file run-v3.pdb (PDB, C-alpha atoms)
ATOM      1  CA  MET A   1     -22.304  -7.606  -6.561  1.00  0.00           C
ATOM      2  CA  SER A   2     -18.779  -8.608  -5.600  1.00  0.00           C
ATOM      3  CA  GLU A   3     -15.847  -7.015  -7.370  1.00  0.00           C
ATOM      4  CA  TRP A   4     -13.032  -8.661  -9.302  1.00  0.00           C
ATOM      5  CA  VAL A   5      -9.845  -8.729  -7.211  1.00  0.00           C
ATOM      6  CA  ASP A   6      -6.471  -8.499  -8.965  1.00  0.00           C
ATOM      7  CA  VAL A   7      -4.270 -11.224  -7.471  1.00  0.00           C
ATOM      8  CA  VAL A   8      -1.169 -11.878  -9.569  1.00  0.00           C
ATOM      9  CA  ALA A   9       0.484 -11.380 -12.947  1.00  0.00           C
ATOM     10  CA  GLU A  10      -0.400 -14.154 -15.398  1.00  0.00           C
ATOM     11  CA  ASP A  11       3.271 -15.030 -15.930  1.00  0.00           C
ATOM     12  CA  ALA A  12       4.242 -14.931 -12.228  1.00  0.00           C
ATOM     13  CA  LEU A  13       3.237 -18.561 -11.631  1.00  0.00           C
ATOM     14  CA  ALA A  14       4.554 -21.637 -13.414  1.00  0.00           C
ATOM     15  CA  VAL A  15       2.320 -24.616 -14.124  1.00  0.00           C
ATOM     16  CA  GLY A  16       1.857 -26.494 -10.848  1.00  0.00           C
ATOM     17  CA  GLU A  17       2.396 -23.441  -8.666  1.00  0.00           C
ATOM     18  CA  HIS A  18      -0.128 -21.597  -6.547  1.00  0.00           C
ATOM     19  CA  ILE A  19      -0.516 -18.472  -4.437  1.00  0.00           C
ATOM     20  CA  VAL A  20      -2.731 -17.695  -1.439  1.00  0.00           C
ATOM     21  CA  VAL A  21      -4.456 -14.307  -1.495  1.00  0.00           C
ATOM     22  CA  ASP A  22      -7.098 -12.459   0.490  1.00  0.00           C
ATOM     23  CA  VAL A  23     -10.369 -11.945  -1.395  1.00  0.00           C
ATOM     24  CA  ASP A  24     -12.986 -10.005   0.544  1.00  0.00           C
ATOM     25  CA  GLY A  25     -11.553 -11.276   3.849  1.00  0.00           C
ATOM     26  CA  ILE A  26     -11.350 -14.930   2.766  1.00  0.00           C
ATOM     27  CA  ASP A  27      -8.115 -16.823   2.081  1.00  0.00           C
ATOM     28  CA  VAL A  28      -8.192 -18.085  -1.493  1.00  0.00           C
ATOM     29  CA  VAL A  29      -5.666 -20.338  -3.206  1.00  0.00           C
ATOM     30  CA  VAL A  30      -5.116 -19.673  -6.908  1.00  0.00           C
ATOM     31  CA  PHE A  31      -3.622 -22.578  -8.861  1.00  0.00           C
ATOM     32  CA  LYS A  32      -2.026 -22.584 -12.295  1.00  0.00           C
ATOM     33  CA  LEU A  33      -2.618 -25.821 -14.183  1.00  0.00           C
ATOM     34  CA  GLU A  34      -1.683 -26.556 -17.792  1.00  0.00           C
ATOM     35  CA  ASP A  35      -5.123 -25.472 -18.990  1.00  0.00           C
ATOM     36  CA  GLY A  36      -5.485 -22.302 -16.928  1.00  0.00           C
ATOM     37  CA  PHE A  37      -6.005 -20.751 -13.521  1.00  0.00           C
ATOM     38  CA  PHE A  38      -8.412 -21.983 -10.851  1.00  0.00           C
ATOM     39  CA  ALA A  39      -9.324 -20.611  -7.432  1.00  0.00           C
ATOM     40  CA  LEU A  40     -10.675 -22.306  -4.313  1.00  0.00           C
ATOM     41  CA  GLU A  41     -11.355 -21.122  -0.805  1.00  0.00           C
ATOM     42  CA  ASP A  42      -8.272 -22.192   1.169  1.00  0.00           C
ATOM     43  CA  MET A  43     -10.230 -24.320   3.626  1.00  0.00           C
ATOM     44  CA  CYS A  44     -10.809 -28.059   3.862  1.00  0.00           C
ATOM     45  CA  THR A  45     -14.498 -28.734   4.432  1.00  0.00           C
ATOM     46  CA  HIS A  46     -13.642 -31.646   6.732  1.00  0.00           C
ATOM     47  CA  ASP A  47     -12.115 -29.655   9.590  1.00  0.00           C
ATOM     48  CA  GLY A  48     -11.478 -26.085   8.400  1.00  0.00           C
ATOM     49  CA  ALA A  49      -7.729 -26.517   7.895  1.00  0.00           C
ATOM     50  CA  GLU A  50      -5.932 -24.771   5.058  1.00  0.00           C
ATOM     51  CA  ILE A  51      -5.353 -26.876   1.943  1.00  0.00           C
ATOM     52  CA  ALA A  52      -2.780 -24.808   0.037  1.00  0.00           C
ATOM     53  CA  SER A  53       0.162 -26.676   1.537  1.00  0.00           C
ATOM     54  CA  GLY A  54      -1.260 -30.030   0.442  1.00  0.00           C
ATOM     55  CA  GLU A  55       0.195 -32.279  -2.245  1.00  0.00           C
ATOM     56  CA  PHE A  56      -0.946 -31.896  -5.864  1.00  0.00           C
ATOM     57  CA  VAL A  57      -1.763 -35.048  -7.808  1.00  0.00           C
ATOM     58  CA  GLY A  58      -2.937 -34.282 -11.341  1.00  0.00           C
ATOM     59  CA  ASP A  59      -5.815 -31.837 -10.922  1.00  0.00           C
ATOM     60  CA  GLU A  60      -6.434 -32.704  -7.269  1.00  0.00           C
ATOM     61  CA  ILE A  61      -5.199 -31.202  -4.007  1.00  0.00           C
ATOM     62  CA  ILE A  62      -4.816 -33.449  -0.964  1.00  0.00           C
ATOM     63  CA  CYS A  63      -5.513 -31.899   2.428  1.00  0.00           C
ATOM     64  CA  PRO A  64      -2.299 -32.020   4.474  1.00  0.00           C
ATOM     65  CA  ARG A  65      -4.112 -32.864   7.714  1.00  0.00           C
ATOM     66  CA  HIS A  66      -6.321 -35.872   6.997  1.00  0.00           C
ATOM     67  CA  GLY A  67      -5.926 -36.663   3.294  1.00  0.00           C
ATOM     68  CA  ALA A  68      -9.263 -35.527   1.869  1.00  0.00           C
ATOM     69  CA  ARG A  69      -8.971 -34.909  -1.867  1.00  0.00           C
ATOM     70  CA  PHE A  70     -10.563 -32.098  -3.877  1.00  0.00           C
ATOM     71  CA  CYS A  71     -10.711 -31.221  -7.574  1.00  0.00           C
ATOM     72  CA  ILE A  72      -8.705 -28.045  -8.175  1.00  0.00           C
ATOM     73  CA  ARG A  73     -10.897 -27.101 -11.162  1.00  0.00           C
ATOM     74  CA  THR A  74     -14.266 -27.299  -9.377  1.00  0.00           C
ATOM     75  CA  GLY A  75     -13.714 -27.747  -5.643  1.00  0.00           C
ATOM     76  CA  ALA A  76     -15.592 -31.059  -5.785  1.00  0.00           C
ATOM     77  CA  VAL A  77     -14.722 -33.466  -2.992  1.00  0.00           C
ATOM     78  CA  LYS A  78     -13.081 -36.618  -4.342  1.00  0.00           C
ATOM     79  CA  SER A  79     -12.506 -38.654  -1.165  1.00  0.00           C
ATOM     80  CA  ALA A  80     -13.278 -38.859   2.543  1.00  0.00           C
ATOM     81  CA  PRO A  81     -12.963 -37.759   5.234  1.00  0.00           C
ATOM     82  CA  ALA A  82     -14.500 -34.663   3.591  1.00  0.00           C
ATOM     83  CA  TYR A  83     -18.019 -34.911   2.199  1.00  0.00           C
ATOM     84  CA  GLU A  84     -18.681 -31.304   1.146  1.00  0.00           C
ATOM     85  CA  ASP A  85     -17.149 -29.445  -1.800  1.00  0.00           C
ATOM     86  CA  ILE A  86     -14.811 -26.494  -1.338  1.00  0.00           C
ATOM     87  CA  ALA A  87     -16.101 -23.180  -2.670  1.00  0.00           C
ATOM     88  CA  SER A  88     -14.759 -22.424  -6.149  1.00  0.00           C
ATOM     89  CA  LEU A  89     -14.293 -18.807  -7.196  1.00  0.00           C
ATOM     90  CA  GLU A  90     -14.577 -17.275 -10.648  1.00  0.00           C
ATOM     91  CA  VAL A  91     -11.271 -16.548 -12.407  1.00  0.00           C
ATOM     92  CA  LYS A  92     -10.547 -14.374 -15.413  1.00  0.00           C
ATOM     93  CA  LEU A  93      -7.493 -13.039 -17.210  1.00  0.00           C
ATOM     94  CA  ASP A  94      -7.430  -9.318 -17.932  1.00  0.00           C
ATOM     95  CA  ALA A  95      -4.484  -7.516 -19.537  1.00  0.00           C
ATOM     96  CA  GLY A  96      -1.984 -10.083 -18.282  1.00  0.00           C
ATOM     97  CA  ARG A  97      -3.399 -10.181 -14.758  1.00  0.00           C
ATOM     98  CA  VAL A  98      -5.256 -12.970 -12.953  1.00  0.00           C
ATOM     99  CA  LYS A  99      -8.413 -11.763 -11.240  1.00  0.00           C
ATOM    100  CA  VAL A 100     -10.830 -13.644  -9.000  1.00  0.00           C
ATOM    101  CA  ARG A 101     -14.323 -12.956  -7.746  1.00  0.00           C
ATOM    102  CA  ASP A 102     -16.337 -14.533  -4.941  1.00  0.00           C
ATOM    103  CA  SER A 103     -19.925 -14.331  -6.135  1.00  0.00           C
ATOM    104  CA  ARG A 104     -21.472 -16.604  -3.477  1.00  0.00           C
ATOM    105  CA  TRP A 105     -23.321 -13.738  -1.807  1.00  0.00           C
ATOM    106  CA  ASP A 106     -24.331 -11.715  -4.862  1.00  0.00           C
TER     107      ASP A 106
END

call {"tool": "encode", "arguments": {"input": "run-v3.pdb", "output": "structure tokens"}}
result
Amino acid sequence: MSEWVDVVAEDALAVGEHIVVDVDGIDVVVFKLEDGFFALEDMCTHDGAEIASGEFVGDEIICPRHGARFCIRTGAVKSAPAYEDIASLEVKLDAGRVKVRDSRWD
């Protein structure tokens, strides 16, 4: 079973900000939205590019390379040229810290 990885203090990010962290050798982008924290693998499923530097529109991130859109909350693809969802990681708050866990291979 994968372990929870401590990534950032809960108050270190403002709403609309994000941070990229390494979780078990995978780049993960952790977003803070008004209703909480969400984590996605930092990789567009269209061509493997990073997505963290993309534009935020509501609860979506737009890939900076070709414009594919993904839901920050779930990783669900919202528009082409991507057709596969981005992996979403579990997030929890623990004693003022944001922790994430990649349970895909558990």

call {"tool": "resolve_selection", "arguments": {"input": "run-v3.pdb", "expression": "the PyMOL selection byres ((chain A and resi 53) around 10)", "output": "compact mmCIF listing (two decimals) with C-alpha atoms, keeping the file's coordinate frame"}}
result
# COMPACT_ATOMS: atom_id res chain seq x y z
CA HIS A 18 -0.13 -21.60 -6.55
CA VAL A 20 -2.73 -17.70 -1.44
CA VAL A 29 -5.67 -20.34 -3.21
CA ASP A 42 -8.27 -22.19 1.17
CA GLU A 50 -5.93 -24.77 5.06
CA ILE A 51 -5.35 -26.88 1.94
CA ALA A 52 -2.78 -24.81 0.04
CA GLY A 54 -1.26 -30.03 0.44
CA GLU A 55 0.20 -32.28 -2.24
CA PHE A 56 -0.95 -31.90 -5.86
CA ILE A 61 -5.20 -31.20 -4.01
CA ILE A 62 -4.82 -33.45 -0.96
CA CYS A 63 -5.51 -31.90 2.43
CA PRO A 64 -2.30 -32.02 4.47
CA ARG A 65 -4.11 -32.86 7.71

call {"tool": "residues_near_point", "arguments": {"input": "run-v3.pdb", "point": "(-11.0, -33.3, 2.6)", "cutoff": "8 Å", "atoms": "all atoms listed in the file", "output": "PDB file with C-alpha atoms, keeping the file's coordinate frame"}}
result
ATOM      1  CA  CYS A  44     -10.809 -28.059   3.862  1.00  0.00           C
ATOM      2  CA  THR A  45     -14.498 -28.734   4.432  1.00  0.00           C
ATOM      3  CA  HIS A  46     -13.642 -31.646   6.732  1.00  0.00           C
ATOM      4  CA  ASP A  47     -12.115 -29.655   9.590  1.00  0.00           C
ATOM      5  CA  ILE A  62      -4.816 -33.449  -0.964  1.00  0.00           C
ATOM      6  CA  CYS A  63      -5.513 -31.899   2.428  1.00  0.00           C
ATOM      7  CA  HIS A  66      -6.321 -35.872   6.997  1.00  0.00           C
ATOM      8  CA  GLY A  67      -5.926 -36.663   3.294  1.00  0.00           C
ATOM      9  CA  ALA A  68      -9.263 -35.527   1.869  1.00  0.00           C
ATOM     10  CA  ARG A  69      -8.971 -34.909  -1.867  1.00  0.00           C
ATOM     11  CA  PHE A  70     -10.563 -32.098  -3.877  1.00  0.00           C
ATOM     12  CA  VAL A  77     -14.722 -33.466  -2.992  1.00  0.00           C
ATOM     13  CA  LYS A  78     -13.081 -36.618  -4.342  1.00  0.00           C
ATOM     14  CA  SER A  79     -12.506 -38.654  -1.165  1.00  0.00           C
ATOM     15  CA  ALA A  80     -13.278 -38.859   2.543  1.00  0.00           C
ATOM     16  CA  PRO A  81     -12.963 -37.759   5.234  1.00  0.00           C
ATOM     17  CA  ALA A  82     -14.500 -34.663   3.591  1.00  0.00           C
ATOM     18  CA  TYR A  83     -18.019 -34.911   2.199  1.00  0.00           C
TER      19      TYR A  83
END

call {"tool": "closest_residue", "arguments": {"input": "run-v3.pdb", "among": "A:Glu17, A:Glu10, A:Asp102, A:Glu34", "to": "Ser88 of chain A", "atoms": "only C-alpha atoms"}}
result
A:Asp102

call {"tool": "resolve_selection", "arguments": {"input": "run-v3.pdb", "expression": "the PyMOL selection byres ((chain A and resi 12) around 12)", "output": "PyMOL selection string"}}
result
chain A and resi 7-11+13-19+30-32+37+96-98

call {"tool": "closest_residue", "arguments": {"input": "run-v3.pdb", "among": "A:Cys71, A:Ala95, A:Val100, A:Val5", "to": "Leu33 of chain A", "atoms": "all atoms listed in the file"}}
result
A:Cys71

call {"tool": "residues_around", "arguments": {"input": "run-v3.pdb", "residues": "Trp105 of chain A", "least_positions_apart": "4", "cutoff": "12 Å", "atoms": "only C-alpha atoms", "output": "JSON list (two decimals) with C-alpha atoms, keeping the file's coordinate frame"}}
result
[["chain", "number", "residue", "atom", "x", "y", "z"],
["A", 1, "MET", "CA", -22.30, -7.61, -6.56],
["A", 2, "SER", "CA", -18.78, -8.61, -5.60],
["A", 3, "GLU", "CA", -15.85, -7.02, -7.37],
["A", 24, "ASP", "CA", -12.99, -10.01, 0.54],
["A", 87, "ALA", "CA", -16.10, -23.18, -2.67],
["A", 89, "LEU", "CA", -14.29, -18.81, -7.20],
["A", 101, "ARG", "CA", -14.32, -12.96, -7.75]]

call {"tool": "closest_residue", "arguments": {"input": "run-v3.pdb", "among": "A:Val28, A:Val23, A:Ile72, A:Ala39", "to": "Lys92 of chain A", "atoms": "only C-alpha atoms"}}
result
A:Ala39

call {"tool": "atom_distance", "arguments": {"input": "run-v3.pdb", "atom1": "atom CA of Glu84 of chain A", "atom2": "atom CA of Gly25 of chain A"}}
result
21.4 Å

call {"tool": "closest_residue", "arguments": {"input": "run-v3.pdb", "among": "A:Asp85, A:Arg73, A:Gly36, A:Asp27", "to": "Glu60 of chain A", "atoms": "all atoms listed in the file"}}
result
A:Arg73

call {"tool": "atom_distance", "arguments": {"input": "run-v3.pdb", "atom1": "atom CA of Asp6 of chain A", "atom2": "atom CA of Gly58 of chain A"}}
result
26.1 Å

call {"tool": "atom_distance", "arguments": {"input": "run-v3.pdb", "atom1": "atom CA of Ile86 of chain A", "atom2": "atom CA of Asp35 of chain A"}}
result
20.2 Å

call {"tool": "decode", "arguments": {"input": "run-v3.pdb", "residues": "segment 45-86 of chain A", "atoms": "C-alpha atoms", "output": "mmCIF file, in the first residue's frame"}}
result
data_model
loop_
_atom_site.group_PDB
_atom_site.id
_atom_site.type_symbol
_atom_site.label_atom_id
_atom_site.label_comp_id
_atom_site.auth_asym_id
_atom_site.auth_seq_id
_atom_site.Cartn_x
_atom_site.Cartn_y
_atom_site.Cartn_z
ATOM 1 C CA THR A 45 -2.532 12.620 -21.506
ATOM 2 C CA HIS A 46 -2.412 14.021 -25.044
ATOM 3 C CA ASP A 47 1.367 14.250 -25.415
ATOM 4 C CA GLY A 48 2.968 13.807 -21.979
ATOM 5 C CA ALA A 49 3.704 17.501 -21.425
ATOM 6 C CA GLU A 50 3.448 19.043 -17.977
ATOM 7 C CA ILE A 51 0.182 20.840 -17.224
ATOM 8 C CA ALA A 52 1.057 22.826 -14.089
ATOM 9 C CA SER A 53 2.016 25.928 -16.051
ATOM 10 C CA GLY A 54 -1.333 25.964 -17.854
ATOM 11 C CA GLU A 55 -4.073 28.546 -17.381
ATOM 12 C CA PHE A 56 -6.778 27.983 -14.752
ATOM 13 C CA VAL A 57 -10.378 28.654 -15.741
ATOM 14 C CA GLY A 58 -12.798 27.914 -12.907
ATOM 15 C CA ASP A 59 -12.037 24.341 -11.861
ATOM 16 C CA GLU A 60 -10.244 23.442 -15.093
ATOM 17 C CA ILE A 61 -6.590 23.501 -16.129
ATOM 18 C CA ILE A 62 -5.711 24.109 -19.777
ATOM 19 C CA CYS A 63 -2.636 22.347 -21.132
ATOM 20 C CA PRO A 64 -0.119 25.001 -22.202
ATOM 21 C CA ARG A 65 0.969 23.065 -25.294
ATOM 22 C CA HIS A 66 -2.187 22.191 -27.222
ATOM 23 C CA GLY A 67 -5.120 23.466 -25.156
ATOM 24 C CA ALA A 68 -6.622 20.239 -23.817
ATOM 25 C CA ARG A 69 -8.746 20.937 -20.746
ATOM 26 C CA PHE A 70 -8.992 18.841 -17.581
ATOM 27 C CA CYS A 71 -11.088 19.037 -14.414
ATOM 28 C CA ILE A 72 -8.823 19.891 -11.480
ATOM 29 C CA ARG A 73 -11.121 18.056 -9.036
ATOM 30 C CA THR A 74 -11.214 14.711 -10.873
ATOM 31 C CA GLY A 75 -8.681 14.733 -13.707
ATOM 32 C CA ALA A 76 -11.502 14.171 -16.204
ATOM 33 C CA VAL A 77 -10.722 15.326 -19.726
ATOM 34 C CA LYS A 78 -13.017 18.162 -20.794
ATOM 35 C CA SER A 79 -11.845 18.851 -24.360
ATOM 36 C CA ALA A 80 -9.659 17.573 -27.185
ATOM 37 C CA PRO A 81 -6.985 17.020 -28.233
ATOM 38 C CA ALA A 82 -6.779 14.814 -25.113
ATOM 39 C CA TYR A 83 -9.178 11.893 -24.800
ATOM 40 C CA GLU A 84 -7.928 10.216 -21.609
ATOM 41 C CA ASP A 85 -8.285 11.492 -18.041
ATOM 42 C CA ILE A 86 -5.296 12.547 -15.959
#
